[in-house]
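So the structure is just underneath, and the comments pick up after that.
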Amino acid sequence: MLKVCKIIIQIAFLYGIYLIGQWIQEALNLFVPGSVIGLIILFILLSTNVVKDVWVEKGADFFVKHLTLFFIPATVGIINYYKVFSGKGFFLIVIVLVSTVLVMAGSGLVTQWMMRGKEVEHDG
Amino acid sequence: MMDSLIAIAAITGTVGIYAAAVYIYKKFNSAFTIPIIIATVIIIAILLAFQVPYDTYMRGGEWIDHMLGPAIVALAYPVYQRRRILKKLLVPILSGTILGAGVGVSTGVLLAKWAGVDQLIIHSLAPKSVTTPVAMAITDTLGGATPLAAVFVMIAGIGGVLISSTVMKYFRITHPIGRGVGMGSASHAIGTATIMEQNQLAGSVSTIAMVVSAVVVSVITPGLVAVLM
């Protein structure tokens with residue numbers, strides 16, 4: 001029970017940082033979304049020890065573990081665009097996929113190639 | 001009354017289907033059973049079968065959607081935990097990501113131009129590798145159609161997740177750092193969420209790639225599109 005309370009309080013804390021990120025985005029009219037600004041803020045707060053890692057650990061673990069759940073309502077939204085998939089639109093999907101493969105392979109290979117010789121422990 | 005019942009049904013339904021999808025993935029472990037793919041397909045099938053409009057589903061779905069913001073904020077924590085390793089590898093990670101940003105915009109635009117696609121669509125397709133709000137803002141600057149931009153972002157995300165294991169195998173990208181850069185650069189937050197489930201180091205790298213690529217793509221796209229068109 002105590003663990004559940006801890007998670008809820010920490011989620012509320014993360015939500016607060018998200019709201020600050022939203023507010024900064026709106027106030028400065030930035031193109032970067034509020035959630036990403038919040039991510040950068042939390043990273044800075046953790047690195048400067050203003051926020052102790054135990055304050056967010058449980059809530060963050062919960063979100064990170066179930067991250068895909070929070071994307072589902074947005075991905076289901078593709079249902080409104082089924083017309084894009086029919087006729088000539090199918091070709092656009094192929095273009096996007098081919099470009100996506102090139103990005104994935106290109107960026108991944110360059111990074112891997114630049115790291116050759118460096119040993120990094122795998123932590124799962 | 002009816003409204004809150006619909007909302008509760010949508011929320012519990014989504015959470016239940018997500019839980020089932022995670023179970024199915026653990027059992028079959030194939031690209032087609034990745035939780036986000038299978039859960040999305042099941043929910044769309046249910047909505048179509050019972051002729052439920054998306055807006056009705058979102059009366060409950062928006063509550064889950066609303067938590068996406070703090071969930072993205074939480075990604076700072078796994079990155080923070082691995083900051084020492086990541087700092088050492090920052091140059092390869094950033095180099096791969098910046099190259100990926102350039103490849104994403106230029107190949108998307110060139111392929112579409114070669115296929116004779118309308119300029120409006122090319123402007124909506126150019127920033128597809130970055131997270132939705134950023135892509136929509138870039139498309140808006142270019143003069144494209146923002147809802148269309150969101151659809152292309154979704155295709156790059158879901159499509160990228162679907163083909164990622166094949167791409168990584170074919171191009172022999174075996175290291176979690178390389179995989180993370182590939183996922184975050186090509187398939188933004190959807191890719192990051194998926195790879196985070198499999199390996200937290202790769203997920204942390206993917207988070208960095210996603211954030212950096214959002215910034216780089218928004219800076220280079222207007223100029224790059226002008227040159228390529």
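In the structure tokens, chains take the letters A, B, ... in the order shown, each chain's residues start at 1, and ligands count up from 1 in the order shown.
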
Inset, instruction - Residues of chain A no more than 7 Å from chain B, counting only C-alpha atoms: send them over as a PyMOL selection string. - result: chain A and resi 14-15+18+31-33+35-36+38-40+42-43+60+63-65+67-79+95-97+99-101+103-112+114-115+123-124

So that I have them on file, write out the residues from the current selection with C-alpha atoms, as a PDB file, in the first residue's frame.
```pdb
ATOM      1  CA  LEU A  14       6.271  14.252 -12.679  1.00  0.00           C
ATOM      2  CA  TYR A  15       2.954  15.721 -13.786  1.00  0.00           C
ATOM      3  CA  TYR A  18       5.203  18.379 -17.264  1.00  0.00           C
ATOM      4  CA  PHE A  31       8.341  24.541 -31.144  1.00  0.00           C
ATOM      5  CA  VAL A  32       9.569  21.821 -28.768  1.00  0.00           C
ATOM      6  CA  PRO A  33       6.601  20.201 -26.946  1.00  0.00           C
ATOM      7  CA  SER A  35       6.687  17.134 -22.387  1.00  0.00           C
ATOM      8  CA  VAL A  36      10.147  17.219 -23.992  1.00  0.00           C
ATOM      9  CA  GLY A  38       9.832  18.769 -18.963  1.00  0.00           C
ATOM     10  CA  LEU A  39      12.141  15.826 -19.761  1.00  0.00           C
ATOM     11  CA  ILE A  40      15.114  18.194 -20.154  1.00  0.00           C
ATOM     12  CA  LEU A  42      13.954  16.834 -14.933  1.00  0.00           C
ATOM     13  CA  PHE A  43      17.321  15.694 -16.310  1.00  0.00           C
ATOM     14  CA  ALA A  60       9.445   7.039 -13.353  1.00  0.00           C
ATOM     15  CA  PHE A  63       5.880   5.186 -16.573  1.00  0.00           C
ATOM     16  CA  VAL A  64       8.934   3.779 -18.329  1.00  0.00           C
ATOM     17  CA  LYS A  65       7.715   0.211 -17.847  1.00  0.00           C
ATOM     18  CA  LEU A  67       5.226   3.720 -21.716  1.00  0.00           C
ATOM     19  CA  THR A  68       3.528   2.132 -24.716  1.00  0.00           C
ATOM     20  CA  LEU A  69       0.152   2.089 -22.916  1.00  0.00           C
ATOM     21  CA  PHE A  70       0.079   5.886 -22.996  1.00  0.00           C
ATOM     22  CA  PHE A  71       0.595   5.970 -26.767  1.00  0.00           C
ATOM     23  CA  ILE A  72      -2.327   3.688 -27.582  1.00  0.00           C
ATOM     24  CA  PRO A  73      -5.135   6.325 -27.703  1.00  0.00           C
ATOM     25  CA  ALA A  74      -3.000   8.417 -30.095  1.00  0.00           C
ATOM     26  CA  THR A  75      -2.079   5.494 -32.375  1.00  0.00           C
ATOM     27  CA  VAL A  76      -5.731   4.369 -32.522  1.00  0.00           C
ATOM     28  CA  GLY A  77      -6.377   7.860 -33.991  1.00  0.00           C
ATOM     29  CA  ILE A  78      -4.986   6.582 -37.292  1.00  0.00           C
ATOM     30  CA  ILE A  79      -8.488   5.080 -37.755  1.00  0.00           C
ATOM     31  CA  ILE A  95       7.953   6.220 -49.407  1.00  0.00           C
ATOM     32  CA  VAL A  96       7.744   6.921 -45.660  1.00  0.00           C
ATOM     33  CA  LEU A  97       8.749   3.347 -44.822  1.00  0.00           C
ATOM     34  CA  SER A  99      12.944   6.638 -45.795  1.00  0.00           C
ATOM     35  CA  THR A 100      12.438   5.288 -42.247  1.00  0.00           C
ATOM     36  CA  VAL A 101      14.567   2.203 -43.035  1.00  0.00           C
ATOM     37  CA  VAL A 103      17.293   6.641 -41.263  1.00  0.00           C
ATOM     38  CA  MET A 104      17.308   3.638 -38.918  1.00  0.00           C
ATOM     39  CA  ALA A 105      20.107   1.833 -40.743  1.00  0.00           C
ATOM     40  CA  GLY A 106      22.182   4.954 -41.491  1.00  0.00           C
ATOM     41  CA  SER A 107      22.102   6.467 -38.011  1.00  0.00           C
ATOM     42  CA  GLY A 108      22.509   3.111 -36.242  1.00  0.00           C
ATOM     43  CA  LEU A 109      25.434   2.013 -38.427  1.00  0.00           C
ATOM     44  CA  VAL A 110      27.307   5.324 -38.133  1.00  0.00           C
ATOM     45  CA  THR A 111      27.020   5.257 -34.347  1.00  0.00           C
ATOM     46  CA  GLN A 112      28.054   1.613 -34.155  1.00  0.00           C
ATOM     47  CA  MET A 114      32.222   5.220 -34.505  1.00  0.00           C
ATOM     48  CA  MET A 115      32.118   3.137 -31.336  1.00  0.00           C
ATOM     49  CA  ASP A 123      22.867  -3.835 -18.717  1.00  0.00           C
ATOM     50  CA  GLY A 124      19.609  -5.062 -20.173  1.00  0.00           C
TER      51      GLY A 124
END
```

Inset, instruction - Write out as a ChimeraX atom specification all residues of range 33-120 of chain A that backbone DSSP assigns to alpha helix (DSSP H). - result: /A:34-47,53-65,72-76,89-114

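Put simply, CA of Gly59 in chain A is 10.0 Å away from CA of Lys3 in chain A.
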